[in-house]
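Report on one structure; see the data block that follows.
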Amino acid sequence: MAALIQLAVFLLLLLTGYFFGRRAEARHYQTIVEREAQLGHILLSSERLPPPELLHYKGSLVMGNVVISVDYFKVVAAALRNLFGGRIAAYESLLDRARREALLRMQQEAEALGAETIINTKLETSRVSGDAGKGIGSMEVLAYGTALVPPPPVT
Amino acid sequence: MSRLKRNPTFPEHINRSREHPLKEFAWLLAGAVLSLVVLAVCISVLVAWLSPLIPFRWEESLASSKSAQQLELSPSQPRSEAEQQRWQVAEAALTALGTSLAESQRQLRLTEDDSIGYHFHLLQSDIPNAFATLGGNIFVTSALVEEVSSENALAMVVAHEMAHVFYRHPIQALSRGAVMQLVLVALTGGSGSSAVHTVLGQAGWLTLLSFNREMERESDEAAIALLQSHYGHLAGADEFFRDMLAQQGDDGWQVWLETHPGLNSRIRMLEERVSGAGEAELTPLDAGLRALQRNSPELPTPAVEAFQRQP
């Protein structure tokens, strides 16, 4: 009987994780695609130096930071993957979302400064494990770069 | 290098999988559980083959009689001297019954190995039960002694536990559990997910349980053979199973979650052997054991009670 209860609890947690995690992911992707279209005019590049025609622009550090939590379903799926090896698809979509969200937030910052170009874009990823022990609790992705802010118009 | 006017839009699903997560999950889970079940079966078969080769002396030294006595002498209330004495007499009677059964077992000549020895203990408990542990220690609870109406019923239970010892089941169960635990830790220790450990653990234990039920069946068989040769009949042997059935019912389909086979199937097994034996006389319980049954002498004597309880 105890085995059945343990199994039922596990299944319940798994279903909860799957249902809410999947819903959150679907919604998140929807906003990501929308905002990517909206902020498409803030150019992203990994060039270290500003293009020659923008040399007189002022460089300013912009950042976008995001922390996304893993759901229970993803944890179990990844742990099972650990036994056999291969792509952990559950974490791939998580990181994809986090990276794109971080870039979007960085673009938002640049937009607030009035900049339309970000150069030297870099991404950092780290694990915020919290009390998840050895497992992955949540992912942090930080995007940072140099926004090229146009000089104020001469009056 | 000319500059873009807008960031390019990339097609989705380059950086993430198109595959449905449940599909991947189902494959992984099925694969993991199946491998573990196969592993558990292999371990069980190997253990059943190897652990009887462990000398019985080693088993006895593992379970020193000291720890058995500690278990036995752990009633919640302190006993009075009279009670203590009654207890000792009852335990001696139990040992006498077990020893005479062991003598019959020896006459059956089931094995060459005569190093196996039995130690019988009475255990203070409200739950009618009996079990065998390492080193040939057999425990019978006081509630079981109180419940049975004849020596035959008690002998069936004792003979069943003796069969466990005889077939070296306790050491097998211990080895199986230990090896299984080791394999589980080796497999899932690195992955850091307690959930996977739990699921694989359950799969492993459920597999081991089927071997456990097989051991119980084997012991039932042996107990029946022993009772047949000891008393010449099997009357009264099914009493304990029937009492249990009346109290808790049969497990039915849930039997795969249990350590023991379903009560109905155990009773059926007994009935198959009993057929044609007719009415045989039951052996009354030894006076020493009967004294345990009721504390107050005002109550009807156990013999009368035993008579009333006959179906």
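Residue numbering restarts at 1 for every chain of the structure tokens, chains are lettered A, B, ... in their displayed order, and ligands are numbered from 1 as they appear.
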Give me the residues near Val62 of chain A as a PyMOL selection string, where near means some atom within 7 Å (using only C-alpha atoms) and where sequence neighbours in that chain fewer than 5 positions away do not count.
chain A and resi 106+109-110+144-147
Dump as a VMD selection string the residues of chain B that approach chain A to within 8 Å, counting only C-alpha atoms.
chain B and resid 4 to 8 15 to 17 21 25 28 to 29 32 187 to 188 191 to 193 195 to 196 199 202 257
With N, CA and C atoms kept, could you save the residues just selected as a PDB file, in the first residue's frame?
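again-v7.pdb written:
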ATOM      1  N   LEU B   4      22.594  45.622 -40.932  1.00  0.00           N
ATOM      2  CA  LEU B   4      21.193  45.222 -41.054  1.00  0.00           C
ATOM      3  C   LEU B   4      20.311  46.366 -40.567  1.00  0.00           C
ATOM      4  N   LYS B   5      19.090  46.397 -41.069  1.00  0.00           N
ATOM      5  CA  LYS B   5      18.141  47.398 -40.565  1.00  0.00           C
ATOM      6  C   LYS B   5      17.387  46.857 -39.347  1.00  0.00           C
ATOM      7  N   ARG B   6      17.167  45.516 -39.374  1.00  0.00           N
ATOM      8  CA  ARG B   6      16.441  44.867 -38.282  1.00  0.00           C
ATOM      9  C   ARG B   6      17.147  43.569 -37.927  1.00  0.00           C
ATOM     10  N   ASN B   7      16.922  43.107 -36.726  1.00  0.00           N
ATOM     11  CA  ASN B   7      17.440  41.782 -36.390  1.00  0.00           C
ATOM     12  C   ASN B   7      16.708  40.742 -37.224  1.00  0.00           C
ATOM     13  N   PRO B   8      17.424  39.756 -37.728  1.00  0.00           N
ATOM     14  CA  PRO B   8      16.741  38.728 -38.518  1.00  0.00           C
ATOM     15  C   PRO B   8      15.849  37.852 -37.621  1.00  0.00           C
ATOM     16  N   ASN B  15      16.982  25.697 -31.846  1.00  0.00           N
ATOM     17  CA  ASN B  15      17.658  25.511 -30.566  1.00  0.00           C
ATOM     18  C   ASN B  15      16.860  24.686 -29.572  1.00  0.00           C
ATOM     19  N   ARG B  16      15.714  24.210 -29.972  1.00  0.00           N
ATOM     20  CA  ARG B  16      14.974  23.335 -29.054  1.00  0.00           C
ATOM     21  C   ARG B  16      14.315  22.224 -29.847  1.00  0.00           C
ATOM     22  N   SER B  17      14.042  21.146 -29.143  1.00  0.00           N
ATOM     23  CA  SER B  17      13.564  19.941 -29.820  1.00  0.00           C
ATOM     24  C   SER B  17      12.095  20.083 -30.215  1.00  0.00           C
ATOM     25  N   PRO B  21       7.569  16.297 -25.329  1.00  0.00           N
ATOM     26  CA  PRO B  21       8.319  15.881 -24.142  1.00  0.00           C
ATOM     27  C   PRO B  21       7.807  14.580 -23.520  1.00  0.00           C
ATOM     28  N   PHE B  25       9.863  11.171 -22.529  1.00  0.00           N
ATOM     29  CA  PHE B  25       9.775  10.750 -21.135  1.00  0.00           C
ATOM     30  C   PHE B  25       9.325   9.286 -21.034  1.00  0.00           C
ATOM     31  N   LEU B  28      12.104   6.912 -21.989  1.00  0.00           N
ATOM     32  CA  LEU B  28      13.162   6.858 -20.971  1.00  0.00           C
ATOM     33  C   LEU B  28      12.707   6.067 -19.753  1.00  0.00           C
ATOM     34  N   LEU B  29      11.476   6.365 -19.312  1.00  0.00           N
ATOM     35  CA  LEU B  29      10.972   5.717 -18.106  1.00  0.00           C
ATOM     36  C   LEU B  29      10.831   4.211 -18.329  1.00  0.00           C
ATOM     37  N   ALA B  32      14.237   2.610 -18.392  1.00  0.00           N
ATOM     38  CA  ALA B  32      14.887   2.544 -17.078  1.00  0.00           C
ATOM     39  C   ALA B  32      14.230   1.482 -16.205  1.00  0.00           C
ATOM     40  N   LEU B 187      23.527   3.386  -9.588  1.00  0.00           N
ATOM     41  CA  LEU B 187      22.857   3.874 -10.802  1.00  0.00           C
ATOM     42  C   LEU B 187      22.410   5.318 -10.682  1.00  0.00           C
ATOM     43  N   THR B 188      21.771   5.630  -9.565  1.00  0.00           N
ATOM     44  CA  THR B 188      21.133   6.942  -9.478  1.00  0.00           C
ATOM     45  C   THR B 188      21.870   7.902  -8.567  1.00  0.00           C
ATOM     46  N   SER B 191      23.119  10.962 -10.446  1.00  0.00           N
ATOM     47  CA  SER B 191      22.196  11.812 -11.201  1.00  0.00           C
ATOM     48  C   SER B 191      21.516  12.843 -10.302  1.00  0.00           C
ATOM     49  N   GLY B 192      21.549  12.604  -9.011  1.00  0.00           N
ATOM     50  CA  GLY B 192      21.092  13.614  -8.070  1.00  0.00           C
ATOM     51  C   GLY B 192      19.596  13.840  -8.036  1.00  0.00           C
ATOM     52  N   SER B 193      18.830  12.929  -8.570  1.00  0.00           N
ATOM     53  CA  SER B 193      17.387  13.126  -8.472  1.00  0.00           C
ATOM     54  C   SER B 193      16.787  12.043  -7.599  1.00  0.00           C
ATOM     55  N   ALA B 195      13.753  11.585  -7.121  1.00  0.00           N
ATOM     56  CA  ALA B 195      12.538  11.054  -7.736  1.00  0.00           C
ATOM     57  C   ALA B 195      12.853   9.803  -8.553  1.00  0.00           C
ATOM     58  N   VAL B 196      13.932   9.881  -9.331  1.00  0.00           N
ATOM     59  CA  VAL B 196      14.305   8.725 -10.148  1.00  0.00           C
ATOM     60  C   VAL B 196      14.692   7.567  -9.250  1.00  0.00           C
ATOM     61  N   VAL B 199      11.472   5.984  -8.037  1.00  0.00           N
ATOM     62  CA  VAL B 199      10.744   5.198  -9.039  1.00  0.00           C
ATOM     63  C   VAL B 199      11.479   3.897  -9.356  1.00  0.00           C
ATOM     64  N   GLN B 202      11.215   1.571  -6.411  1.00  0.00           N
ATOM     65  CA  GLN B 202       9.926   0.871  -6.345  1.00  0.00           C
ATOM     66  C   GLN B 202       9.884  -0.283  -7.336  1.00  0.00           C
ATOM     67  N   LEU B 257       1.746  -6.065  -4.631  1.00  0.00           N
ATOM     68  CA  LEU B 257       2.391  -5.064  -3.775  1.00  0.00           C
ATOM     69  C   LEU B 257       2.788  -5.667  -2.431  1.00  0.00           C
TER      70      LEU B 257
END
Nearby residues (only C-alpha atoms) at most 10 Å from Leu46 of chain B, same-chain spacing under 6 positions excluded, as a short mmCIF file (atom, residue, chain, number, x, y, z; two decimals) with N, CA and C atoms, in the first residue's frame:
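File written: around-v2.cif
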data_model
loop_
_atom_site.label_atom_id
_atom_site.label_comp_id
_atom_site.auth_asym_id
_atom_site.auth_seq_id
_atom_site.Cartn_x
_atom_site.Cartn_y
_atom_site.Cartn_z
N ALA B 40 16.99 -6.70 -11.37
CA ALA B 40 16.51 -7.23 -10.09
C ALA B 40 16.30 -8.74 -10.19
N GLN B 172 18.93 -14.87 2.26
CA GLN B 172 18.66 -14.50 0.86
C GLN B 172 18.01 -13.13 0.77
N ARG B 176 19.70 -9.98 -1.01
CA ARG B 176 18.97 -9.37 -2.12
C ARG B 176 18.78 -7.87 -1.89
#
Kindly indicate which residue among B:Glu161, B:Glu239, B:Asp250, B:Glu258 lies nearest to Ala130 of chain B, using only C-alpha atoms for the distances.
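Smallest separation from Ala130 of chain B among the options: B:Glu161.
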Can you list, as a PyMOL selection string, all residues belonging to segment 44-147 of chain A that DSSP tags as strand (DSSP E or B)?
chain A and resi 44+58-69+117-128+138-147
Those residues with N, CA and C atoms, as an mmCIF file, in the first residue's frame please?
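Below you can see result-v7.cif, which holds the result:
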data_model
loop_
_atom_site.group_PDB
_atom_site.id
_atom_site.type_symbol
_atom_site.label_atom_id
_atom_site.label_comp_id
_atom_site.auth_asym_id
_atom_site.auth_seq_id
_atom_site.Cartn_x
_atom_site.Cartn_y
_atom_site.Cartn_z
ATOM 1 N N LEU A 44 21.191 43.771 -32.614
ATOM 2 C CA LEU A 44 22.090 43.045 -31.723
ATOM 3 C C LEU A 44 23.281 42.580 -32.524
ATOM 4 N N LYS A 58 27.752 57.418 -27.959
ATOM 5 C CA LYS A 58 28.262 57.133 -26.624
ATOM 6 C C LYS A 58 27.926 55.675 -26.263
ATOM 7 N N GLY A 59 28.925 54.973 -25.784
ATOM 8 C CA GLY A 59 28.674 53.583 -25.383
ATOM 9 C C GLY A 59 28.134 53.512 -23.970
ATOM 10 N N SER A 60 27.156 52.643 -23.768
ATOM 11 C CA SER A 60 26.622 52.488 -22.412
ATOM 12 C C SER A 60 26.310 51.010 -22.161
ATOM 13 N N LEU A 61 26.637 50.570 -20.983
ATOM 14 C CA LEU A 61 26.392 49.156 -20.644
ATOM 15 C C LEU A 61 24.893 48.911 -20.470
ATOM 16 N N VAL A 62 24.389 47.894 -21.152
ATOM 17 C CA VAL A 62 22.998 47.488 -20.927
ATOM 18 C C VAL A 62 22.982 46.004 -20.564
ATOM 19 N N MET A 63 21.998 45.645 -19.775
ATOM 20 C CA MET A 63 21.942 44.260 -19.304
ATOM 21 C C MET A 63 20.511 43.741 -19.327
ATOM 22 N N GLY A 64 20.404 42.469 -19.509
ATOM 23 C CA GLY A 64 19.109 41.814 -19.336
ATOM 24 C C GLY A 64 19.353 40.553 -18.532
ATOM 25 N N ASN A 65 18.583 40.364 -17.506
ATOM 26 C CA ASN A 65 18.841 39.231 -16.614
ATOM 27 C C ASN A 65 17.545 38.472 -16.396
ATOM 28 N N VAL A 66 17.618 37.133 -16.402
ATOM 29 C CA VAL A 66 16.395 36.355 -16.183
ATOM 30 C C VAL A 66 16.723 35.089 -15.397
ATOM 31 N N VAL A 67 15.799 34.722 -14.534
ATOM 32 C CA VAL A 67 15.926 33.469 -13.793
ATOM 33 C C VAL A 67 14.669 32.661 -14.059
ATOM 34 N N ILE A 68 14.843 31.472 -14.559
ATOM 35 C CA ILE A 68 13.676 30.622 -14.835
ATOM 36 C C ILE A 68 13.804 29.325 -14.041
ATOM 37 N N SER A 69 12.703 28.931 -13.452
ATOM 38 C CA SER A 69 12.748 27.710 -12.640
ATOM 39 C C SER A 69 12.443 26.476 -13.479
ATOM 40 N N THR A 117 21.324 50.328 -31.410
ATOM 41 C CA THR A 117 22.311 49.303 -31.707
ATOM 42 C C THR A 117 22.986 48.856 -30.404
ATOM 43 N N ILE A 118 23.151 47.554 -30.287
ATOM 44 C CA ILE A 118 23.916 47.025 -29.154
ATOM 45 C C ILE A 118 25.071 46.229 -29.742
ATOM 46 N N ILE A 119 26.283 46.563 -29.347
ATOM 47 C CA ILE A 119 27.424 45.771 -29.823
ATOM 48 C C ILE A 119 28.026 45.021 -28.645
ATOM 49 N N ASN A 120 28.936 44.122 -29.002
ATOM 50 C CA ASN A 120 29.674 43.370 -27.976
ATOM 51 C C ASN A 120 28.727 42.617 -27.023
ATOM 52 N N THR A 121 27.697 42.017 -27.586
ATOM 53 C CA THR A 121 26.725 41.285 -26.764
ATOM 54 C C THR A 121 27.350 40.003 -26.210
ATOM 55 N N LYS A 122 27.165 39.784 -24.933
ATOM 56 C CA LYS A 122 27.694 38.553 -24.317
ATOM 57 C C LYS A 122 26.609 37.914 -23.460
ATOM 58 N N LEU A 123 26.737 36.612 -23.313
ATOM 59 C CA LEU A 123 25.747 35.884 -22.512
ATOM 60 C C LEU A 123 26.453 35.081 -21.429
ATOM 61 N N GLU A 124 25.863 35.094 -20.270
ATOM 62 C CA GLU A 124 26.400 34.280 -19.171
ATOM 63 C C GLU A 124 25.269 33.403 -18.656
ATOM 64 N N THR A 125 25.604 32.179 -18.372
ATOM 65 C CA THR A 125 24.589 31.278 -17.830
ATOM 66 C C THR A 125 25.088 30.724 -16.506
ATOM 67 N N SER A 126 24.203 30.684 -15.543
ATOM 68 C CA SER A 126 24.616 30.029 -14.301
ATOM 69 C C SER A 126 23.428 29.332 -13.677
ATOM 70 N N ARG A 127 23.738 28.540 -12.695
ATOM 71 C CA ARG A 127 22.724 27.712 -12.057
ATOM 72 C C ARG A 127 22.402 28.316 -10.700
ATOM 73 N N VAL A 128 21.139 28.503 -10.442
ATOM 74 C CA VAL A 128 20.720 28.942 -9.106
ATOM 75 C C VAL A 128 20.101 27.721 -8.471
ATOM 76 N N SER A 138 17.093 26.365 -10.637
ATOM 77 C CA SER A 138 16.659 27.255 -11.717
ATOM 78 C C SER A 138 17.886 27.766 -12.469
ATOM 79 N N MET A 139 17.628 28.345 -13.647
ATOM 80 C CA MET A 139 18.698 28.819 -14.504
ATOM 81 C C MET A 139 18.693 30.333 -14.507
ATOM 82 N N GLU A 140 19.876 30.899 -14.451
ATOM 83 C CA GLU A 140 19.975 32.330 -14.621
ATOM 84 C C GLU A 140 20.717 32.584 -15.926
ATOM 85 N N VAL A 141 20.193 33.474 -16.747
ATOM 86 C CA VAL A 141 20.928 33.902 -17.932
ATOM 87 C C VAL A 141 21.047 35.419 -17.895
ATOM 88 N N LEU A 142 22.272 35.887 -18.068
ATOM 89 C CA LEU A 142 22.528 37.327 -18.091
ATOM 90 C C LEU A 142 23.055 37.682 -19.483
ATOM 91 N N ALA A 143 22.388 38.647 -20.114
ATOM 92 C CA ALA A 143 22.881 39.159 -21.397
ATOM 93 C C ALA A 143 23.366 40.577 -21.141
ATOM 94 N N TYR A 144 24.563 40.891 -21.634
ATOM 95 C CA TYR A 144 25.025 42.267 -21.474
ATOM 96 C C TYR A 144 25.770 42.697 -22.720
ATOM 97 N N GLY A 145 25.776 43.990 -22.960
ATOM 98 C CA GLY A 145 26.429 44.503 -24.156
ATOM 99 C C GLY A 145 26.590 46.015 -24.054
ATOM 100 N N THR A 146 27.094 46.597 -25.121
ATOM 101 C CA THR A 146 27.289 48.040 -25.146
ATOM 102 C C THR A 146 26.260 48.658 -26.077
ATOM 103 N N ALA A 147 25.373 49.464 -25.500
ATOM 104 C CA ALA A 147 24.384 50.157 -26.329
ATOM 105 C C ALA A 147 25.032 51.420 -26.874
#
So which one's closest to Gln181 of chain B, B:Ser150, B:Ser80, B:Gln228, B:Thr198? Using only C-alpha atoms, please.
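Checking each of B:Ser150, B:Ser80, B:Gln228, B:Thr198 against Gln181 of chain B, counting only C-alpha atoms, the winner is B:Thr198.
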Expected answer as an NGL selection string: alpha helix (DSSP H) residues in segment 92-148 of chain A
:A and (92-113)
Can you spit out the residues from that selection as a PDB file, in the first residue's frame, using N, CA and C atoms?
ATOM      1  N   GLU A  92      16.865  22.101 -22.938  1.00  0.00           N
ATOM      2  CA  GLU A  92      17.177  22.918 -24.117  1.00  0.00           C
ATOM      3  C   GLU A  92      16.158  24.037 -24.305  1.00  0.00           C
ATOM      4  N   SER A  93      14.884  23.676 -24.181  1.00  0.00           N
ATOM      5  CA  SER A  93      13.857  24.712 -24.366  1.00  0.00           C
ATOM      6  C   SER A  93      13.919  25.724 -23.219  1.00  0.00           C
ATOM      7  N   LEU A  94      14.275  25.239 -22.030  1.00  0.00           N
ATOM      8  CA  LEU A  94      14.379  26.138 -20.880  1.00  0.00           C
ATOM      9  C   LEU A  94      15.470  27.191 -21.119  1.00  0.00           C
ATOM     10  N   LEU A  95      16.613  26.735 -21.603  1.00  0.00           N
ATOM     11  CA  LEU A  95      17.727  27.655 -21.837  1.00  0.00           C
ATOM     12  C   LEU A  95      17.451  28.570 -23.013  1.00  0.00           C
ATOM     13  N   ASP A  96      16.795  28.032 -24.025  1.00  0.00           N
ATOM     14  CA  ASP A  96      16.439  28.837 -25.194  1.00  0.00           C
ATOM     15  C   ASP A  96      15.560  30.008 -24.764  1.00  0.00           C
ATOM     16  N   ARG A  97      14.574  29.702 -23.934  1.00  0.00           N
ATOM     17  CA  ARG A  97      13.679  30.753 -23.431  1.00  0.00           C
ATOM     18  C   ARG A  97      14.448  31.774 -22.627  1.00  0.00           C
ATOM     19  N   ALA A  98      15.302  31.297 -21.740  1.00  0.00           N
ATOM     20  CA  ALA A  98      16.026  32.194 -20.846  1.00  0.00           C
ATOM     21  C   ALA A  98      16.942  33.115 -21.644  1.00  0.00           C
ATOM     22  N   ARG A  99      17.630  32.561 -22.636  1.00  0.00           N
ATOM     23  CA  ARG A  99      18.557  33.356 -23.440  1.00  0.00           C
ATOM     24  C   ARG A  99      17.820  34.452 -24.197  1.00  0.00           C
ATOM     25  N   ARG A 100      16.727  34.052 -24.839  1.00  0.00           N
ATOM     26  CA  ARG A 100      15.974  35.020 -25.638  1.00  0.00           C
ATOM     27  C   ARG A 100      15.323  36.086 -24.765  1.00  0.00           C
ATOM     28  N   GLU A 101      14.837  35.663 -23.613  1.00  0.00           N
ATOM     29  CA  GLU A 101      14.225  36.622 -22.686  1.00  0.00           C
ATOM     30  C   GLU A 101      15.276  37.614 -22.191  1.00  0.00           C
ATOM     31  N   ALA A 102      16.473  37.131 -21.894  1.00  0.00           N
ATOM     32  CA  ALA A 102      17.538  38.014 -21.407  1.00  0.00           C
ATOM     33  C   ALA A 102      17.907  39.041 -22.476  1.00  0.00           C
ATOM     34  N   LEU A 103      18.010  38.583 -23.735  1.00  0.00           N
ATOM     35  CA  LEU A 103      18.322  39.503 -24.835  1.00  0.00           C
ATOM     36  C   LEU A 103      17.225  40.556 -24.977  1.00  0.00           C
ATOM     37  N   LEU A 104      15.973  40.119 -24.858  1.00  0.00           N
ATOM     38  CA  LEU A 104      14.852  41.053 -24.983  1.00  0.00           C
ATOM     39  C   LEU A 104      14.907  42.128 -23.904  1.00  0.00           C
ATOM     40  N   ARG A 105      15.229  41.694 -22.687  1.00  0.00           N
ATOM     41  CA  ARG A 105      15.292  42.670 -21.592  1.00  0.00           C
ATOM     42  C   ARG A 105      16.443  43.651 -21.813  1.00  0.00           C
ATOM     43  N   MET A 106      17.539  43.122 -22.352  1.00  0.00           N
ATOM     44  CA  MET A 106      18.662  44.016 -22.657  1.00  0.00           C
ATOM     45  C   MET A 106      18.250  45.020 -23.737  1.00  0.00           C
ATOM     46  N   GLN A 107      17.518  44.521 -24.724  1.00  0.00           N
ATOM     47  CA  GLN A 107      17.039  45.419 -25.793  1.00  0.00           C
ATOM     48  C   GLN A 107      16.106  46.482 -25.234  1.00  0.00           C
ATOM     49  N   GLN A 108      15.285  46.070 -24.245  1.00  0.00           N
ATOM     50  CA  GLN A 108      14.382  47.042 -23.610  1.00  0.00           C
ATOM     51  C   GLN A 108      15.163  48.162 -22.937  1.00  0.00           C
ATOM     52  N   GLU A 109      16.250  47.759 -22.261  1.00  0.00           N
ATOM     53  CA  GLU A 109      17.089  48.772 -21.602  1.00  0.00           C
ATOM     54  C   GLU A 109      17.667  49.737 -22.629  1.00  0.00           C
ATOM     55  N   ALA A 110      18.145  49.154 -23.729  1.00  0.00           N
ATOM     56  CA  ALA A 110      18.747  49.983 -24.781  1.00  0.00           C
ATOM     57  C   ALA A 110      17.707  50.950 -25.354  1.00  0.00           C
ATOM     58  N   GLU A 111      16.493  50.427 -25.525  1.00  0.00           N
ATOM     59  CA  GLU A 111      15.426  51.261 -26.069  1.00  0.00           C
ATOM     60  C   GLU A 111      15.140  52.434 -25.134  1.00  0.00           C
ATOM     61  N   ALA A 112      15.178  52.142 -23.842  1.00  0.00           N
ATOM     62  CA  ALA A 112      14.939  53.204 -22.854  1.00  0.00           C
ATOM     63  C   ALA A 112      15.998  54.304 -22.942  1.00  0.00           C
ATOM     64  N   LEU A 113      17.225  53.907 -23.364  1.00  0.00           N
ATOM     65  CA  LEU A 113      18.306  54.898 -23.497  1.00  0.00           C
ATOM     66  C   LEU A 113      18.232  55.653 -24.832  1.00  0.00           C
TER      67      LEU A 113
END
Tell me which protein, DNA and RNA residues are within 9 Å of Gln88 of chain B, counting only C-alpha atoms, leaving out same-chain ones fewer than 5 positions away, and put them as a PyMOL selection string.
chain B and resi 83+93+122+288
Can you tell me how far atom CA of Gly136 of chain B sits from atom CA of Leu50 of chain B, in Å to one decimal?
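Straight-line distance from atom CA of Gly136 of chain B to atom CA of Leu50 of chain B works out to 18.2 Å.
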